[in-house]
file entry11.cif (mmCIF, C-alpha atoms)
data_protein
#
loop_
_atom_site.label_atom_id
_atom_site.label_comp_id
_atom_site.auth_asym_id
_atom_site.auth_seq_id
_atom_site.Cartn_x
_atom_site.Cartn_y
_atom_site.Cartn_z
CA MET A 24 162.39 -9.33 86.35
CA GLU A 25 164.53 -11.89 88.06
CA VAL A 26 167.80 -13.45 87.00
CA LYS A 27 167.76 -17.13 87.89
CA ASP A 28 171.22 -18.07 86.66
CA ALA A 29 173.65 -15.51 85.30
CA ASN A 30 175.93 -18.17 83.89
CA ALA A 31 173.79 -21.05 82.75
CA ALA A 32 175.95 -21.95 79.77
CA LEU A 33 178.81 -20.67 77.64
CA LEU A 34 178.00 -20.06 74.01
CA SER A 35 180.50 -20.25 71.19
CA ASN A 36 180.56 -17.50 68.59
CA PHE A 37 179.32 -20.00 66.05
CA GLU A 38 176.14 -20.74 68.03
CA VAL A 39 175.36 -17.04 68.38
CA TYR A 40 176.05 -16.56 64.68
CA GLN A 41 173.62 -19.34 63.79
CA LEU A 42 170.97 -17.98 66.14
CA LEU A 43 171.22 -14.47 64.73
CA THR A 44 171.14 -15.56 61.09
CA ASP A 45 168.07 -17.72 61.77
CA LEU A 46 166.39 -14.83 63.55
CA LYS A 47 167.21 -12.50 60.69
CA GLN A 48 165.77 -15.02 58.22
CA GLN A 49 162.58 -15.35 60.25
CA ARG A 50 162.08 -11.62 60.48
CA LYS A 51 162.65 -11.16 56.79
CA GLU A 52 160.09 -13.85 55.99
CA SER A 53 157.43 -12.48 58.30
CA GLY A 54 157.65 -9.15 56.48
CA LYS A 55 157.33 -5.69 57.95
CA THR A 56 154.20 -6.31 59.99
CA LYS A 57 155.94 -5.40 63.27
CA GLN A 58 156.22 -1.80 64.44
CA SER A 59 159.80 -0.73 63.93
CA SER A 60 159.89 1.69 66.87
CA GLY A 61 160.32 -1.00 69.49
CA GLN A 62 162.39 -3.24 67.26
CA GLN A 63 165.14 -0.70 66.62
CA ASN A 64 167.32 -1.90 69.49
CA LEU A 65 167.06 -5.49 68.41
CA ASN A 66 167.88 -4.55 64.83
CA THR A 67 170.92 -2.54 65.88
CA ILE A 68 172.40 -5.17 68.14
CA MET A 69 171.71 -7.95 65.66
CA TYR A 70 173.36 -6.07 62.82
CA GLU A 71 176.45 -5.09 64.81
CA THR A 72 176.93 -8.51 66.38
CA LEU A 73 176.54 -10.27 63.05
CA LYS A 74 179.02 -7.86 61.50
CA TYR A 75 181.53 -8.61 64.24
CA ILE A 76 181.11 -12.37 64.22
CA SER A 77 181.25 -12.56 60.43
CA LYS A 78 184.83 -11.36 60.58
CA THR A 79 185.86 -14.26 62.81
CA PRO A 80 186.56 -17.84 61.65
CA CYS A 81 183.15 -18.88 63.00
CA ARG A 82 181.30 -18.39 59.77
CA TYR A 83 182.99 -21.38 58.20
CA GLN A 84 182.07 -23.71 61.03
CA SER A 85 179.18 -26.15 61.26
CA PRO A 86 177.75 -28.24 64.11
CA GLU A 87 179.59 -31.37 62.89
CA ILE A 88 182.90 -29.53 62.77
CA VAL A 89 182.39 -28.25 66.30
CA ARG A 90 181.54 -31.74 67.56
CA GLU A 91 184.59 -33.21 65.82
CA PHE A 92 186.75 -30.49 67.33
CA LEU A 93 185.51 -31.14 70.86
CA VAL A 94 186.05 -34.88 70.51
CA ALA A 95 189.60 -34.29 69.29
CA MET A 96 190.26 -31.90 72.17
CA LYS A 97 189.43 -34.52 74.79
CA ASP A 98 192.97 -35.89 74.87
CA HIS A 99 194.63 -32.53 75.37
CA LYS A 100 193.22 -31.89 78.86
CA LEU A 101 192.17 -28.29 78.46
CA THR A 102 189.58 -26.41 80.46
CA LYS A 103 186.22 -25.50 78.96
CA ALA A 104 187.17 -21.85 78.66
CA GLU A 105 190.40 -22.68 76.82
CA LYS A 106 188.63 -24.98 74.36
CA LEU A 107 186.06 -22.26 73.74
CA GLN A 108 188.76 -19.71 73.00
CA LEU A 109 190.51 -22.09 70.61
CA LEU A 110 187.20 -22.67 68.86
CA ASN A 111 186.43 -18.98 68.57
CA HIS A 112 189.84 -17.73 67.50
CA ARG A 113 191.40 -20.61 65.56
CA PRO A 114 195.05 -19.89 66.51
CA VAL A 115 197.66 -20.65 63.88
CA SER A 116 200.85 -20.02 65.84
CA ALA A 117 202.36 -21.22 69.11
CA VAL A 118 202.35 -17.66 70.47
CA GLU A 119 198.57 -17.50 70.22
CA ILE A 120 198.21 -20.85 71.99
CA GLN A 121 200.36 -19.57 74.82
CA LEU A 122 198.02 -16.63 75.28
CA MET A 123 194.88 -18.70 75.40
CA VAL A 124 196.09 -21.65 77.45
CA GLU A 125 197.10 -20.74 80.97
CA GLU A 126 200.59 -21.79 82.05
CA SER A 127 201.13 -23.47 78.74
CA GLU A 128 204.88 -23.79 79.32
CA GLU A 129 204.24 -25.98 82.35
CA ARG A 130 201.26 -27.93 81.09
CA LEU A 131 202.17 -28.58 77.47
CA THR A 132 205.46 -29.62 75.91
CA GLU A 133 206.52 -28.28 72.52
CA GLU A 134 205.31 -31.37 70.69
CA GLN A 135 201.96 -31.13 72.42
CA ILE A 136 201.62 -27.50 71.36
CA GLU A 137 202.51 -28.52 67.82
CA SER A 138 199.98 -31.34 67.77
CA LEU A 139 197.36 -29.00 69.23
CA LEU A 140 198.04 -26.50 66.47
CA GLN A 141 197.80 -29.26 63.88
CA THR A 142 194.43 -30.43 65.24
CA VAL A 143 193.07 -26.90 65.29
CA THR A 144 194.15 -26.02 61.76
CA ASN A 145 193.05 -29.36 60.36
CA ILE A 146 189.60 -29.57 61.90
CA LEU A 147 188.55 -25.94 61.99
CA PRO A 148 188.20 -24.35 58.57
CA GLY A 149 189.91 -21.02 58.15
CA ASP A 150 189.38 -18.29 55.60
CA PRO A 151 189.42 -20.11 52.23
CA GLU A 152 191.06 -17.15 50.45
CA GLU A 153 193.84 -16.99 52.99
CA GLN A 154 194.39 -20.71 52.81
CA GLN A 155 194.71 -20.51 49.04
CA ARG A 156 197.17 -17.65 49.38
CA ASP A 157 199.18 -19.56 51.99
CA SER A 158 199.35 -22.69 49.86
CA ALA A 159 200.28 -20.59 46.81
CA MET A 160 203.11 -18.94 48.76
CA ALA A 161 204.25 -22.31 50.05
CA THR A 162 204.50 -23.73 46.54
CA GLU A 163 206.31 -20.56 45.44
CA ASP A 164 208.86 -21.01 48.22
CA LYS A 165 209.36 -24.62 47.29
CA GLY A 166 209.85 -23.52 43.69
CA ASP A 167 212.48 -20.94 44.77
CA GLN A 168 214.33 -23.43 46.90
CA ALA A 169 214.40 -25.99 44.15
CA MET B 27 182.32 -14.13 74.89
CA PHE B 28 178.61 -14.90 75.05
CA VAL B 29 176.74 -16.62 77.86
CA LEU B 30 173.25 -17.94 78.28
CA VAL B 31 171.36 -16.37 81.18
CA GLU B 32 168.20 -17.86 82.65
CA MET B 33 165.67 -15.23 83.64
CA THR B 34 162.03 -14.93 84.60
CA ASP B 35 159.75 -12.04 83.97
CA THR B 36 156.09 -11.16 83.73
CA VAL B 37 155.19 -10.07 80.21
CA ARG B 38 152.22 -7.88 79.49
CA ILE B 39 150.43 -8.50 76.19
CA PRO B 40 147.92 -5.76 75.24
CA PRO B 41 144.49 -6.93 73.99
CA TRP B 42 145.01 -5.88 70.37
CA GLN B 43 147.76 -8.48 70.10
CA PHE B 44 145.65 -11.37 71.36
CA GLU B 45 145.14 -12.66 67.83
CA ARG B 46 148.87 -13.38 67.45
CA LYS B 47 150.43 -16.54 68.77
CA LEU B 48 151.37 -16.09 72.42
CA ASN B 49 154.94 -17.28 71.95
CA GLU B 50 155.60 -14.77 69.21
CA SER B 51 154.15 -11.85 71.15
CA ILE B 52 156.15 -12.80 74.21
CA ALA B 53 159.37 -13.17 72.22
CA GLU B 54 158.82 -9.77 70.66
CA GLU B 55 158.11 -8.12 74.02
CA LEU B 56 161.16 -9.64 75.64
CA ASN B 57 163.39 -8.53 72.80
CA LYS B 58 161.89 -5.07 72.92
CA LYS B 59 162.62 -4.89 76.63
CA LEU B 60 166.10 -6.38 76.77
CA ALA B 61 167.92 -6.31 73.42
CA ASN B 62 170.94 -3.97 73.35
CA LYS B 63 170.49 -3.13 77.02
CA VAL B 64 172.83 -3.79 79.92
CA VAL B 65 171.44 -5.73 82.88
CA TYR B 66 173.19 -4.88 86.12
CA ASN B 67 175.80 -7.50 87.04
CA VAL B 68 174.82 -9.68 84.09
CA GLY B 69 176.04 -8.09 80.85
CA LEU B 70 174.89 -6.71 77.52
CA CYS B 71 171.78 -8.54 76.32
CA ILE B 72 171.83 -9.57 72.68
CA CYS B 73 168.71 -11.55 71.83
CA LEU B 74 166.31 -14.18 73.10
CA TYR B 75 167.58 -17.74 72.92
CA ASP B 76 164.42 -19.64 73.82
CA ILE B 77 161.40 -19.72 76.13
CA THR B 78 161.70 -22.54 78.67
CA LYS B 79 158.36 -22.31 80.43
CA LEU B 80 155.17 -20.34 80.14
CA GLU B 81 152.95 -20.12 83.15
CA ASP B 82 149.25 -19.32 83.06
CA SER B 83 148.21 -15.93 81.75
CA TYR B 84 146.12 -13.71 84.02
CA ILE B 85 143.99 -10.69 83.36
CA PHE B 86 143.82 -8.26 86.24
CA PRO B 87 140.90 -5.99 87.05
CA GLY B 88 141.18 -2.56 85.48
CA ASP B 89 143.61 -3.67 82.79
CA GLY B 90 142.52 -5.57 79.71
CA ALA B 91 145.99 -6.91 78.97
CA SER B 92 147.14 -10.41 79.86
CA HIS B 93 150.08 -10.93 82.19
CA THR B 94 152.15 -14.06 81.76
CA LYS B 95 155.08 -15.22 83.82
CA VAL B 96 157.78 -16.46 81.46
CA HIS B 97 160.94 -18.43 82.12
CA PHE B 98 163.39 -17.87 79.29
CA ARG B 99 167.04 -17.88 78.33
CA TYR B 100 168.77 -14.87 76.86
CA VAL B 101 172.06 -14.54 74.99
CA VAL B 102 174.23 -12.06 76.88
CA PHE B 103 177.63 -10.62 76.08
CA HIS B 104 179.73 -11.18 79.16
CA PRO B 105 183.38 -12.11 78.55
CA PHE B 106 184.99 -14.07 81.35
CA LEU B 107 188.12 -12.95 83.15
CA ASP B 108 191.32 -13.38 81.12
CA GLU B 109 189.45 -13.97 77.91
CA ILE B 110 191.22 -12.93 74.72
CA LEU B 111 189.23 -10.77 72.34
CA ILE B 112 189.95 -8.95 69.11
CA GLY B 113 188.70 -5.40 68.63
CA GLN B 114 189.34 -2.18 66.75
CA ILE B 115 190.94 0.91 68.21
CA LYS B 116 188.26 3.55 68.34
CA SER B 117 190.16 6.49 69.84
CA CYS B 118 193.09 7.38 72.07
CA SER B 119 193.17 9.81 74.95
CA GLN B 120 195.28 10.59 78.00
CA ASP B 121 193.45 7.98 80.04
CA GLY B 122 194.16 5.19 77.63
CA VAL B 123 193.19 3.54 74.39
CA HIS B 124 189.50 3.01 73.69
CA VAL B 125 188.67 -0.17 71.84
CA SER B 126 185.41 -1.13 70.24
CA LEU B 127 183.87 -4.44 69.23
CA GLY B 128 181.22 -2.91 66.99
CA PHE B 129 178.32 -3.89 69.20
CA PHE B 130 180.12 -2.93 72.41
CA ASP B 131 182.21 0.21 72.77
CA ASP B 132 183.16 0.75 76.40
CA ILE B 133 186.48 -1.06 76.44
CA VAL B 134 189.48 0.82 77.73
CA ILE B 135 193.18 -0.03 77.96
CA PRO B 136 194.71 2.04 80.77
CA PRO B 137 198.16 3.48 79.98
CA GLU B 138 199.91 1.18 82.49
CA SER B 139 198.74 -1.87 80.61
CA LEU B 140 200.01 -0.81 77.22
CA GLN B 141 203.21 -2.35 75.93
CA GLN B 142 205.93 -0.63 77.89
CA PRO B 143 207.46 1.77 77.06
CA ALA B 144 204.56 3.72 75.58
CA LYS B 145 204.00 7.45 75.35
CA PHE B 146 201.12 9.63 74.25
CA ASP B 147 201.80 11.69 71.15
CA GLU B 148 199.93 14.97 71.71
CA ALA B 149 200.23 16.15 68.14
CA GLU B 150 198.52 13.16 66.61
CA GLN B 151 196.51 12.15 69.69
CA VAL B 152 197.66 8.54 69.50
CA TRP B 153 199.57 6.26 71.81
CA VAL B 154 202.94 5.15 70.54
CA TRP B 155 204.77 2.00 71.47
CA GLU B 156 208.51 2.39 71.45
CA TYR B 157 209.67 -0.99 70.30
CA GLU B 158 213.28 -1.76 71.14
CA THR B 159 215.30 -4.19 69.09
CA GLU B 160 219.06 -4.72 69.17
CA GLU B 161 219.41 -2.44 66.17
CA GLY B 162 217.55 0.53 67.62
CA ALA B 163 214.21 1.94 68.64
CA HIS B 164 211.17 1.77 66.46
CA ASP B 165 207.96 3.71 66.97
CA LEU B 166 204.71 1.84 66.42
CA TYR B 167 201.61 3.97 66.36
CA MET B 168 198.27 2.74 67.63
CA ASP B 169 196.16 4.19 64.87
CA ILE B 170 192.40 4.34 64.80
CA GLY B 171 190.86 1.35 63.09
CA GLU B 172 193.76 -0.98 63.89
CA GLU B 173 192.78 -4.43 65.04
CA ILE B 174 194.29 -5.47 68.31
CA ARG B 175 194.06 -8.40 70.65
CA PHE B 176 193.53 -7.80 74.33
CA ARG B 177 192.87 -9.73 77.50
CA VAL B 178 189.96 -8.88 79.79
CA VAL B 179 191.23 -7.88 83.20
CA ASP B 180 188.32 -6.24 84.96
CA GLU B 181 184.70 -5.30 84.46
CA THR B 182 182.61 -2.60 86.12
CA PHE B 183 178.86 -2.42 86.37
CA VAL B 184 177.32 0.92 87.23
CA ASP B 185 173.69 1.18 88.24
CA THR B 186 172.36 3.93 86.01
CA SER B 187 168.75 3.75 87.19
CA PRO B 188 167.26 7.21 87.77
CA THR B 189 167.80 8.60 91.26
CA GLY B 190 164.90 9.46 93.57
CA PRO B 191 163.45 12.90 94.34
CA SER B 192 165.67 13.47 97.41
CA SER B 193 168.81 13.82 95.33
CA ALA B 194 167.02 15.81 92.59
CA GLU B 195 167.42 19.06 94.56
CA ALA B 196 171.15 18.62 94.78
CA SER B 197 171.46 17.84 91.11
CA THR B 198 169.37 20.77 89.80
CA SER B 199 171.95 23.18 91.17
CA ASN B 200 174.69 21.43 89.24
CA ALA B 201 172.99 21.37 85.87
CA ALA B 202 176.32 21.39 84.08
CA GLU B 203 177.57 18.37 86.01
CA GLU B 204 174.49 16.36 85.16
CA VAL B 205 175.32 16.45 81.49
CA GLN B 206 178.77 15.01 82.11
CA LYS B 207 177.44 12.34 84.45
CA LYS B 208 176.49 9.92 81.65
CA GLU B 209 178.33 6.86 82.77
CA ALA B 210 178.56 3.72 80.79
CA PRO B 211 176.61 1.00 82.59
CA TYR B 212 179.14 -1.69 81.71
CA THR B 213 182.86 -1.08 81.16
CA LEU B 214 185.67 -3.49 80.49
CA VAL B 215 189.22 -2.78 81.53
CA VAL B 216 191.64 -4.75 79.42
CA THR B 217 195.35 -5.13 78.96
CA MET B 218 197.85 -5.66 76.24
CA CYS B 219 200.76 -6.14 78.56
CA ILE B 220 201.99 -9.61 77.92
CA SER B 221 204.68 -9.47 75.30
CA SER B 222 203.24 -12.22 73.10
CA TYR B 223 200.19 -10.33 72.03
CA GLY B 224 201.68 -7.15 71.26
CA ILE B 225 204.00 -9.01 68.98
CA VAL B 226 201.28 -10.98 67.26
CA SER B 227 199.29 -7.94 66.27
CA VAL B 228 201.87 -5.17 66.15
CA VAL B 229 204.72 -6.83 64.31
CA VAL B 230 202.39 -7.93 61.54
CA TYR B 231 201.13 -4.40 61.26
CA SER B 232 204.58 -2.86 61.24
CA VAL B 233 205.75 -5.12 58.44
CA SER B 234 202.86 -4.03 56.25
CA LYS B 235 203.58 -0.40 57.02
CA ILE B 236 207.19 -0.75 55.97
CA ALA B 237 206.91 -2.55 52.65
CA PRO B 238 205.67 -5.68 50.89
CA LEU B 239 207.83 -8.71 51.64
CA SER B 240 210.00 -8.57 48.56
CA GLN B 241 211.33 -5.10 49.31
CA GLY B 242 211.21 -5.61 53.03
CA THR B 243 214.86 -5.64 53.95
CA ASP B 244 215.89 -2.48 52.08
CA CYS B 245 213.05 -0.40 53.45
CA PHE B 246 213.71 -1.72 56.91
CA LYS B 247 217.33 -0.62 56.69
CA LEU B 248 216.18 2.77 55.47
CA THR B 249 213.90 3.35 58.42
CA MET B 250 216.59 2.12 60.81
CA ASN B 251 218.93 4.74 59.36
CA GLN B 252 216.36 7.41 59.92
CA CYS B 253 215.94 6.25 63.49
CA HIS B 254 219.65 6.41 64.10
CA LYS B 255 219.91 9.89 62.65
CA MET B 256 217.00 11.17 64.64
CA LYS B 257 218.38 9.82 67.86
CA GLY B 258 221.90 10.89 67.05
CA VAL B 259 223.14 7.53 68.23
CA GLU B 260 226.29 6.04 66.95
CA LYS B 261 225.84 2.52 65.84
CA GLY B 262 227.99 0.26 63.74
CA ARG B 263 225.21 -1.03 61.46
CA ASN B 264 223.93 1.28 58.76
#
call {"tool": "encode", "arguments": {"input": "entry11.cif", "output": "structure tokens"}}
result
Amino acid sequence: MEVKDANAALLSNFEVYQLLTDLKQQRKESGKTKQSSGQQNLNTIMYETLKYISKTPCRYQSPEIVREFLVAMKDHKLTKAEKLQLLNHRPVSAVEIQLMVEESEERLTEEQIESLLQTVTNILPGDPEEQQRDSAMATEDKGDQA
Amino acid sequence: MFVLVEMTDTVRIPPWQFERKLNESIAEELNKKLANKVVYNVGLCICLYDITKLEDSYIFPGDGASHTKVHFRYVVFHPFLDEILIGQIKSCSQDGVHVSLGFFDDIVIPPESLQQPAKFDEAEQVWVWEYETEEGAHDLYMDIGEEIRFRVVDETFVDTSPTGPSSAEASTSNAAEEVQKKEAPYTLVVTMCISSYGIVSVVVYSVSKIAPLSQGTDCFKLTMNQCHKMKGVEKGRN
């Protein structure tokens, strides 16, 4: 076996999630005609990886959302790795952005960080339950203040 | 976190599988060979992405199976340097905190990289972060099952292929050692050092441990009192 290119492309969690769910669908449809002895490793890794990725914000994404996100990110001048991390983690606070973007204090001003956060939270869908809870709490606060 | 790796290999299809479509048999063989296995200096292989090229299949004398050279791409888990990941604490020991991602377990945070100051609590076998605020010290335990964020600092690949007969004589005399020699083929050394992360994950966790938001302040004062008493420190605020 020969490795031609150990780093041909970076994959986002969403792409791997899609690939694994399609594979799972295919295997379910083809039935249990395959011997399970050799397939055990594949089953294990598929199950664990799907379990892990399902807990990240990737399960709410779609190819159009990812494309929209990348187009919006063009103006912010971030490296590929940083955009990938933003896509995979969906940061909601400035602290998280500082972790993912190298030397963020030098490269981005406060307003830029704010606008970056806004773009991320607007384009990438988060956990719908959490968003409902957040908006409920926000209206509660407004109610208290009033 | 995941990369696409281009590889080539010769796949052997036994004669009783000739009735199946070649692509399917090859995909199954490749997955059987590589899924959930670590390739040296590449990473943990997850599953086949696609087959790029199939060369002609040959049958060699003495073997009825067909051999096909395949060019394919495989999805591999291989985080890049300085990547941020989220995992669960699996266990703590003297040599650090072990974190797991579910599908990948060999992630270790060495004690130097933990939020300083940190000490190992022997009684409970957990690492404790002593969090200092102006009001006093606060112990935050790294319990099993807690989700933490970490940054990848280093990776180590170990070639675990079986050794040849020359070293077998040496190893038979140390039968006990052999059992302990099971090294993980791929280990990640990570860090939690930078103050931002620790705060993102740990402060959230400490608030939930103390009380729900509405009763937050009273409970917080209570624990601060306890801290003061334990430390025997005189402080104005009570």
call {"tool": "closest_atom_pairs", "arguments": {"input": "entry11.cif", "of": "chain A", "to": "chain B", "cutoff": "10 Å", "atoms": "all atoms listed in the file", "output": "CSV"}}
result
residue,atom,partner,partner_atom,distance
A:Met24,CA,B:Asp35,CA,4.5
A:Glu25,CA,B:Thr34,CA,5.2
A:Val26,CA,B:Met33,CA,4.4
A:Lys27,CA,B:Met33,CA,5.1
A:Asp28,CA,B:Glu32,CA,5.0
A:Ala29,CA,B:Val31,CA,4.8
A:Asn30,CA,B:Val31,CA,5.6
A:Ala31,CA,B:Leu30,CA,5.5
A:Ala32,CA,B:Leu30,CA,5.1
A:Leu33,CA,B:Val29,CA,4.6
A:Leu34,CA,B:Phe28,CA,5.3
A:Ser35,CA,B:Phe28,CA,6.9
A:Asn36,CA,B:Phe28,CA,7.2
A:Glu38,CA,B:Phe28,CA,9.5
A:Val39,CA,B:Phe28,CA,7.7
A:Leu42,CA,B:Tyr75,CA,7.6
A:Leu43,CA,B:Cys73,CA,8.1
A:Leu46,CA,B:Cys73,CA,9.2
A:Lys57,CA,B:Glu54,CA,9.1
A:Ser60,CA,B:Lys58,CA,9.3
A:Gly61,CA,B:Lys58,CA,5.5
A:Gln62,CA,B:Lys58,CA,6.0
A:Gln63,CA,B:Lys58,CA,8.3
A:Asn64,CA,B:Asn62,CA,5.7
A:Leu65,CA,B:Ala61,CA,5.1
A:Asn66,CA,B:Ala61,CA,8.8
A:Thr67,CA,B:Asn62,CA,7.6
A:Ile68,CA,B:Asn62,CA,5.5
A:Met69,CA,B:Ile72,CA,7.2
A:Tyr70,CA,B:Phe129,CA,8.4
A:Glu71,CA,B:Phe129,CA,4.9
A:Thr72,CA,B:Phe129,CA,5.6
A:Leu73,CA,B:Phe129,CA,9.0
A:Lys74,CA,B:Gly128,CA,7.7
A:Tyr75,CA,B:Gly128,CA,6.3
A:Ile76,CA,B:Leu127,CA,9.8
A:Thr79,CA,B:Ile112,CA,9.2
A:Ala104,CA,B:Glu109,CA,8.2
A:Glu105,CA,B:Glu109,CA,8.8
A:Leu107,CA,B:Met27,CA,9.0
A:Gln108,CA,B:Ile110,CA,7.4
A:Asn111,CA,B:Met27,CA,9.0
A:His112,CA,B:Leu111,CA,8.5
A:Ser116,CA,B:Val226,CA,9.2
A:Ala117,CA,B:Ser222,CA,9.9
A:Val118,CA,B:Ser222,CA,6.1
A:Glu119,CA,B:Tyr223,CA,7.6
A:Gln121,CA,B:Ser222,CA,8.1
A:Leu122,CA,B:Ser222,CA,7.2
A:Met123,CA,B:Ile110,CA,6.9
A:Glu125,CA,B:Asp108,CA,9.4
call {"tool": "closest_residue", "arguments": {"input": "entry11.cif", "among": "A:Met160, A:Phe92, A:Glu126, A:Gln41", "to": "Leu139 of chain A", "atoms": "all atoms listed in the file"}}
result
A:Phe92
call {"tool": "atom_distance", "arguments": {"input": "entry11.cif", "atom1": "atom CA of Ser117 of chain B", "atom2": "atom CA of Ile170 of chain B"}}
result
5.9 Å
call {"tool": "closest_residue", "arguments": {"input": "entry11.cif", "among": "B:Gly90, B:Cys118, B:Tyr212, B:Asp185", "to": "Met168 of chain B", "atoms": "only C-alpha atoms"}}
result
B:Cys118
call {"tool": "resolve_selection", "arguments": {"input": "entry11.cif", "expression": "the PyMOL selection byres ((chain B and resi 116) around 8)", "output": "ChimeraX atom specification"}}
result
/B:114-115,117-118,123-126,170-171
call {"tool": "atom_distance", "arguments": {"input": "entry11.cif", "atom1": "atom CA of Thr132 of chain A", "atom2": "atom CA of Asp98 of chain A"}}
result
14.0 Å
call {"tool": "residues_around", "arguments": {"input": "entry11.cif", "residues": "Ala95 of chain A", "least_positions_apart": "2", "cutoff": "12 Å", "atoms": "only C-alpha atoms", "output": "PyMOL selection string"}}
result
chain A and resi 88-93+97-101+106+110+138-143+145-147
call {"tool": "atom_distance", "arguments": {"input": "entry11.cif", "atom1": "atom CA of Ala53 of chain B", "atom2": "atom CA of His93 of chain B"}}
result
13.8 Å
call {"tool": "resolve_selection", "arguments": {"input": "entry11.cif", "expression": "the PyMOL selection byres ((chain B and resi 179) around 6)", "output": "list in words"}}
result
Leu107, Asp108, Val178, Asp180, Val215 and Val216 of chain B
call {"tool": "decode", "arguments": {"input": "entry11.cif", "residues": "segment 94-109 of chain A", "atoms": "N, CA and C atoms", "output": "compact mmCIF listing (two decimals), in the first residue's frame"}}
result
# COMPACT_ATOMS: atom_id res chain seq x y z
N VAL A 94 -18.55 32.17 1.41
CA VAL A 94 -18.61 33.42 0.65
C VAL A 94 -18.54 34.61 1.60
N ALA A 95 -19.29 34.52 2.70
CA ALA A 95 -19.29 35.62 3.66
C ALA A 95 -17.93 35.78 4.32
N MET A 96 -17.19 34.69 4.46
CA MET A 96 -15.90 34.75 5.14
C MET A 96 -14.81 35.37 4.29
N LYS A 97 -15.08 35.54 2.99
CA LYS A 97 -14.03 36.03 2.10
C LYS A 97 -13.49 37.37 2.53
N ASP A 98 -14.37 38.25 3.06
CA ASP A 98 -13.89 39.60 3.38
C ASP A 98 -13.04 39.63 4.63
N HIS A 99 -13.16 38.59 5.49
CA HIS A 99 -12.49 38.69 6.77
C HIS A 99 -11.03 38.30 6.75
N LYS A 100 -10.53 37.80 5.63
CA LYS A 100 -9.11 37.44 5.50
C LYS A 100 -8.64 36.48 6.57
N LEU A 101 -9.23 35.29 6.56
CA LEU A 101 -8.80 34.27 7.51
C LEU A 101 -8.17 33.13 6.74
N THR A 102 -7.32 32.37 7.40
CA THR A 102 -6.71 31.24 6.71
C THR A 102 -7.72 30.10 6.61
N LYS A 103 -7.38 29.12 5.77
CA LYS A 103 -8.30 28.00 5.54
C LYS A 103 -8.59 27.27 6.84
N ALA A 104 -7.51 27.06 7.62
CA ALA A 104 -7.68 26.31 8.87
C ALA A 104 -8.60 27.05 9.83
N GLU A 105 -8.48 28.39 9.88
CA GLU A 105 -9.32 29.15 10.80
C GLU A 105 -10.78 29.10 10.36
N LYS A 106 -11.02 29.22 9.05
CA LYS A 106 -12.40 29.15 8.57
C LYS A 106 -12.99 27.79 8.88
N LEU A 107 -12.17 26.74 8.73
CA LEU A 107 -12.66 25.39 9.01
C LEU A 107 -13.04 25.25 10.47
N GLN A 108 -12.22 25.82 11.35
CA GLN A 108 -12.53 25.71 12.78
C GLN A 108 -13.80 26.47 13.12
N LEU A 109 -13.97 27.65 12.51
CA LEU A 109 -15.19 28.41 12.76
C LEU A 109 -16.41 27.63 12.29
